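model_21.cif follows (mmCIF, N, CA and C atoms):
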```cif
data_run
#
loop_
_atom_site.label_atom_id
_atom_site.label_comp_id
_atom_site.auth_asym_id
_atom_site.auth_seq_id
_atom_site.Cartn_x
_atom_site.Cartn_y
_atom_site.Cartn_z
N MET A 461 110.64 145.24 122.04
CA MET A 461 110.68 143.88 121.55
C MET A 461 111.69 143.82 120.43
N SER A 462 112.55 142.84 120.48
CA SER A 462 113.57 142.69 119.44
C SER A 462 113.13 141.65 118.43
N ILE A 463 113.60 141.83 117.22
CA ILE A 463 113.30 140.89 116.14
C ILE A 463 114.58 140.15 115.81
N ILE A 464 114.48 138.85 115.79
CA ILE A 464 115.63 138.02 115.49
C ILE A 464 115.50 137.51 114.07
N THR A 465 116.51 137.73 113.29
CA THR A 465 116.52 137.24 111.92
C THR A 465 117.37 135.98 111.86
N LEU A 466 116.76 134.91 111.39
CA LEU A 466 117.47 133.65 111.28
C LEU A 466 117.98 133.50 109.86
N SER A 467 119.26 133.23 109.73
CA SER A 467 119.79 132.96 108.40
C SER A 467 119.85 131.46 108.23
N SER A 468 119.59 131.02 107.03
CA SER A 468 119.60 129.59 106.77
C SER A 468 120.25 129.33 105.42
N PRO A 469 120.74 128.11 105.23
CA PRO A 469 121.35 127.78 103.95
C PRO A 469 120.29 127.75 102.85
N PRO A 470 120.69 127.81 101.60
CA PRO A 470 119.70 127.76 100.52
C PRO A 470 118.86 126.49 100.63
N PRO A 471 117.57 126.59 100.35
CA PRO A 471 116.70 125.43 100.52
C PRO A 471 117.01 124.34 99.51
N PRO A 472 116.93 123.06 99.95
CA PRO A 472 117.10 121.96 99.01
C PRO A 472 115.90 121.86 98.08
N GLU A 473 115.99 120.99 97.12
CA GLU A 473 114.87 120.78 96.21
C GLU A 473 113.66 120.27 96.99
N GLU A 474 112.46 120.65 96.58
CA GLU A 474 111.25 120.27 97.31
C GLU A 474 111.01 118.77 97.36
N ASN A 475 111.45 118.04 96.35
CA ASN A 475 111.22 116.60 96.35
C ASN A 475 112.31 115.85 97.10
N ASP A 476 113.32 116.55 97.57
CA ASP A 476 114.40 115.97 98.36
C ASP A 476 113.90 115.71 99.78
N GLU A 477 114.20 114.52 100.32
CA GLU A 477 113.73 114.18 101.67
C GLU A 477 114.31 115.13 102.70
N SER A 478 115.51 115.62 102.48
CA SER A 478 116.10 116.54 103.45
C SER A 478 115.34 117.86 103.49
N PHE A 479 114.66 118.20 102.39
CA PHE A 479 113.86 119.42 102.37
C PHE A 479 112.74 119.33 103.39
N ILE A 480 112.07 118.19 103.43
CA ILE A 480 110.96 118.00 104.36
C ILE A 480 111.47 118.11 105.79
N GLY A 481 112.57 117.44 106.10
CA GLY A 481 113.14 117.49 107.44
C GLY A 481 113.59 118.89 107.82
N SER A 482 114.25 119.58 106.89
CA SER A 482 114.74 120.92 107.20
C SER A 482 113.58 121.90 107.35
N ARG A 483 112.56 121.71 106.54
CA ARG A 483 111.38 122.58 106.64
C ARG A 483 110.70 122.37 107.97
N ASP A 484 110.60 121.11 108.40
CA ASP A 484 109.98 120.80 109.68
C ASP A 484 110.80 121.37 110.83
N ALA A 485 112.11 121.22 110.78
CA ALA A 485 112.98 121.75 111.82
C ALA A 485 112.90 123.28 111.86
N THR A 486 112.87 123.89 110.69
CA THR A 486 112.74 125.34 110.61
C THR A 486 111.41 125.78 111.19
N HIS A 487 110.35 125.05 110.89
CA HIS A 487 109.03 125.38 111.42
C HIS A 487 109.02 125.28 112.94
N ARG A 488 109.61 124.21 113.49
CA ARG A 488 109.64 124.04 114.95
C ARG A 488 110.41 125.18 115.61
N ALA A 489 111.54 125.58 115.01
CA ALA A 489 112.33 126.68 115.55
C ALA A 489 111.53 127.98 115.50
N TYR A 490 110.85 128.20 114.38
CA TYR A 490 110.01 129.39 114.23
C TYR A 490 108.89 129.38 115.26
N TRP A 491 108.23 128.23 115.44
CA TRP A 491 107.12 128.13 116.38
C TRP A 491 107.60 128.36 117.81
N ALA A 492 108.76 127.81 118.16
CA ALA A 492 109.30 128.01 119.50
C ALA A 492 109.59 129.50 119.74
N GLU A 493 110.15 130.16 118.75
CA GLU A 493 110.43 131.58 118.87
C GLU A 493 109.14 132.38 118.99
N LEU A 494 108.14 132.01 118.20
CA LEU A 494 106.86 132.71 118.26
C LEU A 494 106.22 132.56 119.63
N GLN A 495 106.29 131.36 120.20
CA GLN A 495 105.69 131.14 121.51
C GLN A 495 106.37 131.98 122.58
N ASN A 496 107.65 132.26 122.40
CA ASN A 496 108.35 133.11 123.34
C ASN A 496 107.95 134.57 123.19
N GLN A 497 107.42 134.95 122.05
CA GLN A 497 107.07 136.34 121.80
C GLN A 497 105.60 136.63 122.05
N LEU A 498 104.75 135.62 121.91
CA LEU A 498 103.32 135.85 122.10
C LEU A 498 102.98 135.91 123.58
N PRO A 499 102.07 136.80 123.94
CA PRO A 499 101.62 136.83 125.33
C PRO A 499 100.92 135.51 125.68
N GLN A 500 101.12 135.04 126.90
CA GLN A 500 100.56 133.76 127.31
C GLN A 500 99.05 133.68 127.12
N PRO A 501 98.28 134.74 127.42
CA PRO A 501 96.83 134.65 127.18
C PRO A 501 96.49 134.38 125.71
N MET A 502 97.30 134.92 124.80
CA MET A 502 97.07 134.69 123.37
C MET A 502 97.36 133.23 123.03
N VAL A 503 98.44 132.68 123.57
CA VAL A 503 98.79 131.28 123.33
C VAL A 503 97.68 130.38 123.87
N ASN A 504 97.19 130.70 125.07
CA ASN A 504 96.11 129.91 125.67
C ASN A 504 94.85 129.95 124.81
N LEU A 505 94.50 131.12 124.32
CA LEU A 505 93.32 131.26 123.47
C LEU A 505 93.48 130.45 122.18
N MET A 506 94.66 130.52 121.58
CA MET A 506 94.91 129.77 120.35
C MET A 506 94.81 128.27 120.61
N GLU A 507 95.36 127.82 121.72
CA GLU A 507 95.29 126.39 122.04
C GLU A 507 93.86 125.96 122.36
N GLN A 508 93.09 126.81 123.04
CA GLN A 508 91.69 126.48 123.33
C GLN A 508 90.89 126.35 122.04
N GLU A 509 91.11 127.28 121.11
CA GLU A 509 90.41 127.21 119.82
C GLU A 509 90.83 125.98 119.03
N ALA A 510 92.12 125.68 119.04
CA ALA A 510 92.60 124.49 118.34
C ALA A 510 92.00 123.23 118.96
N LEU A 511 91.92 123.19 120.29
CA LEU A 511 91.34 122.04 120.97
C LEU A 511 89.88 121.86 120.58
N GLU A 512 89.13 122.94 120.50
CA GLU A 512 87.72 122.85 120.10
C GLU A 512 87.59 122.28 118.68
N ILE A 513 88.39 122.78 117.76
CA ILE A 513 88.34 122.33 116.37
C ILE A 513 88.77 120.87 116.26
N LEU A 514 89.86 120.52 116.94
CA LEU A 514 90.36 119.15 116.85
C LEU A 514 89.43 118.16 117.53
N THR A 515 88.75 118.58 118.59
CA THR A 515 87.79 117.71 119.25
C THR A 515 86.62 117.40 118.33
N LYS A 516 86.14 118.40 117.60
CA LYS A 516 85.07 118.18 116.62
C LYS A 516 85.54 117.24 115.51
N SER A 517 86.78 117.45 115.06
CA SER A 517 87.34 116.58 114.02
C SER A 517 87.47 115.15 114.54
N LEU A 518 87.86 115.01 115.80
CA LEU A 518 88.02 113.68 116.38
C LEU A 518 86.69 112.94 116.41
N ARG A 519 85.62 113.64 116.78
CA ARG A 519 84.28 113.00 116.76
C ARG A 519 83.95 112.53 115.36
N SER A 520 84.24 113.36 114.38
CA SER A 520 83.97 113.01 112.99
C SER A 520 84.81 111.81 112.54
N TYR A 521 86.08 111.80 112.92
CA TYR A 521 86.95 110.67 112.58
C TYR A 521 86.43 109.39 113.22
N ASN A 522 86.03 109.48 114.49
CA ASN A 522 85.52 108.29 115.18
C ASN A 522 84.30 107.71 114.46
N LYS A 523 83.41 108.59 113.99
CA LYS A 523 82.21 108.13 113.27
C LYS A 523 82.55 107.65 111.86
N GLY A 524 83.45 108.38 111.21
CA GLY A 524 83.73 108.10 109.80
C GLY A 524 84.69 106.96 109.54
N ILE A 525 85.83 106.98 110.19
CA ILE A 525 86.85 105.97 109.89
C ILE A 525 87.11 105.03 111.07
N GLY A 526 86.51 105.32 112.20
CA GLY A 526 86.62 104.42 113.35
C GLY A 526 87.71 104.81 114.32
N LYS A 527 87.51 104.42 115.57
CA LYS A 527 88.44 104.82 116.63
C LYS A 527 89.78 104.09 116.54
N ASP A 528 89.84 102.98 115.81
CA ASP A 528 91.08 102.21 115.72
C ASP A 528 91.95 102.62 114.53
N HIS A 529 91.45 103.54 113.71
CA HIS A 529 92.23 103.98 112.55
C HIS A 529 93.44 104.78 113.01
N LYS A 530 94.54 104.66 112.29
CA LYS A 530 95.79 105.33 112.64
C LYS A 530 95.61 106.85 112.76
N LEU A 531 94.89 107.45 111.83
CA LEU A 531 94.68 108.91 111.86
C LEU A 531 93.86 109.33 113.07
N THR A 532 92.86 108.53 113.42
CA THR A 532 92.04 108.84 114.59
C THR A 532 92.90 108.77 115.85
N GLN A 533 93.73 107.76 115.94
CA GLN A 533 94.58 107.61 117.12
C GLN A 533 95.61 108.75 117.21
N GLN A 534 96.14 109.16 116.07
CA GLN A 534 97.08 110.27 116.04
C GLN A 534 96.40 111.56 116.49
N LEU A 535 95.21 111.80 115.98
CA LEU A 535 94.46 112.99 116.37
C LEU A 535 94.12 112.94 117.86
N GLN A 536 93.79 111.76 118.36
CA GLN A 536 93.48 111.61 119.78
C GLN A 536 94.68 112.01 120.64
N ARG A 537 95.88 111.62 120.21
CA ARG A 537 97.09 111.99 120.95
C ARG A 537 97.28 113.51 120.96
N HIS A 538 97.02 114.17 119.84
CA HIS A 538 97.15 115.62 119.78
C HIS A 538 96.12 116.30 120.69
N VAL A 539 94.90 115.81 120.67
CA VAL A 539 93.85 116.36 121.53
C VAL A 539 94.23 116.17 123.00
N ASP A 540 94.70 114.99 123.33
CA ASP A 540 95.12 114.71 124.72
C ASP A 540 96.24 115.64 125.16
N GLN A 541 97.21 115.87 124.27
CA GLN A 541 98.33 116.74 124.61
C GLN A 541 97.87 118.19 124.81
N LEU A 542 96.99 118.66 123.95
CA LEU A 542 96.45 120.02 124.12
C LEU A 542 95.71 120.14 125.45
N ARG A 543 94.90 119.15 125.76
CA ARG A 543 94.17 119.17 127.04
C ARG A 543 95.15 119.22 128.21
N LYS A 544 96.20 118.40 128.12
CA LYS A 544 97.20 118.34 129.18
C LYS A 544 97.89 119.71 129.33
N ASN A 545 98.26 120.32 128.20
CA ASN A 545 98.91 121.63 128.23
C ASN A 545 98.00 122.67 128.89
N LEU A 546 96.76 122.70 128.45
CA LEU A 546 95.83 123.70 128.98
C LEU A 546 95.49 123.42 130.45
N LYS A 547 95.31 122.17 130.79
CA LYS A 547 95.00 121.84 132.18
C LYS A 547 96.17 122.20 133.09
N GLY A 548 97.37 122.00 132.61
CA GLY A 548 98.56 122.37 133.38
C GLY A 548 98.62 123.85 133.66
N ARG A 549 98.00 124.63 132.80
CA ARG A 549 97.96 126.08 133.00
C ARG A 549 96.59 126.53 133.52
N GLN A 550 95.75 125.56 133.90
CA GLN A 550 94.42 125.81 134.49
C GLN A 550 93.47 126.56 133.55
N PHE A 551 93.45 126.16 132.27
CA PHE A 551 92.53 126.78 131.32
C PHE A 551 91.48 125.81 130.83
N ILE A 552 91.33 124.67 131.47
CA ILE A 552 90.26 123.73 131.12
C ILE A 552 89.47 123.45 132.35
#
```
What do you get writing this file as C-alpha cells?
Amino acid sequence: MSIITLSSPPPPEENDESFIGSRDATHRAYWAELQNQLPQPMVNLMEQEALEILTKSLRSYNKGIGKDHKLTQQLQRHVDQLRKNLKGRQFI
C-alpha cells in the first residue's frame, strides 16, 4: 500500500471565509482518498453504524423540533442518501 502525501499552500486565517471552503475541499479530498484505501466491508460497516446513529437522531429531531424544520429535513436527506448507498451495495 502506498501513502500519498498531499502538499497544500499555507492555511488562511481561520476567520477568513476562504479558510472554511479550503478546509472543506481538503476534507473531501482526504475522505475520497480514504475511501479508496479502506476495504469495502469496513466502509459498509462505518456507513451502517452512521445510518443507525443518524436515524436515532432523526427521530429525536422529529419529536423535538418537528419534521418541517430545516435541520430535520437536512438530516433526512443524509439518512436517505446513506440508505441509498447501502441498498445499492445490498447491505440494507
Exercise. What gap, in Å, lies between CA of Gly548 (chain A) and CA of Gln500 (chain A)?
Worked result: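 CA of Gly548 (chain A) sits 13.1 Å away from CA of Gln500 (chain A).
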For this session: Mind listing whatever residues come within 12 Å of the point (89.9, 120.3, 118.1)? Use only C-alpha atoms, file coordinates, and give them as number ranges by chain.
Result: A: 506-521, 535-543
So that I have them on file, write out the residues from the current selection with N, CA and C atoms, as an mmCIF file, in the coordinates of the input.
```cif
data_model
loop_
_atom_site.group_PDB
_atom_site.id
_atom_site.type_symbol
_atom_site.label_atom_id
_atom_site.label_comp_id
_atom_site.auth_asym_id
_atom_site.auth_seq_id
_atom_site.Cartn_x
_atom_site.Cartn_y
_atom_site.Cartn_z
ATOM 1 N N MET A 506 94.660 130.520 121.580
ATOM 2 C CA MET A 506 94.910 129.770 120.350
ATOM 3 C C MET A 506 94.810 128.270 120.610
ATOM 4 N N GLU A 507 95.360 127.820 121.720
ATOM 5 C CA GLU A 507 95.290 126.390 122.040
ATOM 6 C C GLU A 507 93.860 125.960 122.360
ATOM 7 N N GLN A 508 93.090 126.810 123.040
ATOM 8 C CA GLN A 508 91.690 126.480 123.330
ATOM 9 C C GLN A 508 90.890 126.350 122.040
ATOM 10 N N GLU A 509 91.110 127.280 121.110
ATOM 11 C CA GLU A 509 90.410 127.210 119.820
ATOM 12 C C GLU A 509 90.830 125.980 119.030
ATOM 13 N N ALA A 510 92.120 125.680 119.040
ATOM 14 C CA ALA A 510 92.600 124.490 118.340
ATOM 15 C C ALA A 510 92.000 123.230 118.960
ATOM 16 N N LEU A 511 91.920 123.190 120.290
ATOM 17 C CA LEU A 511 91.340 122.040 120.970
ATOM 18 C C LEU A 511 89.880 121.860 120.580
ATOM 19 N N GLU A 512 89.130 122.940 120.500
ATOM 20 C CA GLU A 512 87.720 122.850 120.100
ATOM 21 C C GLU A 512 87.590 122.280 118.680
ATOM 22 N N ILE A 513 88.390 122.780 117.760
ATOM 23 C CA ILE A 513 88.340 122.330 116.370
ATOM 24 C C ILE A 513 88.770 120.870 116.260
ATOM 25 N N LEU A 514 89.860 120.520 116.940
ATOM 26 C CA LEU A 514 90.360 119.150 116.850
ATOM 27 C C LEU A 514 89.430 118.160 117.530
ATOM 28 N N THR A 515 88.750 118.580 118.590
ATOM 29 C CA THR A 515 87.790 117.710 119.250
ATOM 30 C C THR A 515 86.620 117.400 118.330
ATOM 31 N N LYS A 516 86.140 118.400 117.600
ATOM 32 C CA LYS A 516 85.070 118.180 116.620
ATOM 33 C C LYS A 516 85.540 117.240 115.510
ATOM 34 N N SER A 517 86.780 117.450 115.060
ATOM 35 C CA SER A 517 87.340 116.580 114.020
ATOM 36 C C SER A 517 87.470 115.150 114.540
ATOM 37 N N LEU A 518 87.860 115.010 115.800
ATOM 38 C CA LEU A 518 88.020 113.680 116.380
ATOM 39 C C LEU A 518 86.690 112.940 116.410
ATOM 40 N N ARG A 519 85.620 113.640 116.780
ATOM 41 C CA ARG A 519 84.280 113.000 116.760
ATOM 42 C C ARG A 519 83.950 112.530 115.360
ATOM 43 N N SER A 520 84.240 113.360 114.380
ATOM 44 C CA SER A 520 83.970 113.010 112.990
ATOM 45 C C SER A 520 84.810 111.810 112.540
ATOM 46 N N TYR A 521 86.080 111.800 112.920
ATOM 47 C CA TYR A 521 86.950 110.670 112.580
ATOM 48 C C TYR A 521 86.430 109.390 113.220
ATOM 49 N N LEU A 535 95.210 111.800 115.980
ATOM 50 C CA LEU A 535 94.460 112.990 116.370
ATOM 51 C C LEU A 535 94.120 112.940 117.860
ATOM 52 N N GLN A 536 93.790 111.760 118.360
ATOM 53 C CA GLN A 536 93.480 111.610 119.780
ATOM 54 C C GLN A 536 94.680 112.010 120.640
ATOM 55 N N ARG A 537 95.880 111.620 120.210
ATOM 56 C CA ARG A 537 97.090 111.990 120.950
ATOM 57 C C ARG A 537 97.280 113.510 120.960
ATOM 58 N N HIS A 538 97.020 114.170 119.840
ATOM 59 C CA HIS A 538 97.150 115.620 119.780
ATOM 60 C C HIS A 538 96.120 116.300 120.690
ATOM 61 N N VAL A 539 94.900 115.810 120.670
ATOM 62 C CA VAL A 539 93.850 116.360 121.530
ATOM 63 C C VAL A 539 94.230 116.170 123.000
ATOM 64 N N ASP A 540 94.700 114.990 123.330
ATOM 65 C CA ASP A 540 95.120 114.710 124.720
ATOM 66 C C ASP A 540 96.240 115.640 125.160
ATOM 67 N N GLN A 541 97.210 115.870 124.270
ATOM 68 C CA GLN A 541 98.330 116.740 124.610
ATOM 69 C C GLN A 541 97.870 118.190 124.810
ATOM 70 N N LEU A 542 96.990 118.660 123.950
ATOM 71 C CA LEU A 542 96.450 120.020 124.120
ATOM 72 C C LEU A 542 95.710 120.140 125.450
ATOM 73 N N ARG A 543 94.900 119.150 125.760
ATOM 74 C CA ARG A 543 94.170 119.170 127.040
ATOM 75 C C ARG A 543 95.150 119.220 128.210
#
```
For this session: To one decimal in Å, tell me the separation between atom C of Lys544 (chain A) and CA of Pro501 (chain A).
Result: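 Pair atom C of Lys544 (chain A) / CA of Pro501 (chain A) returns 15.1 Å.
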Exercise. Using only C-alpha atoms, which residue out of A:Leu505, A:Leu498, A:Leu531, A:Ile525 lies closest to Arg549 (chain A)?
Worked result: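 Of the candidates, the smallest distance to Arg549 (chain A) is held by A:Leu505.
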For this session: Quick one: pull the distance between atom N of Leu546 (chain A) and atom N of Met502 (chain A), Å, one decimal.
Result: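 Interatomic distance, atom N of Leu546 (chain A) to atom N of Met502 (chain A): 12.8 Å.
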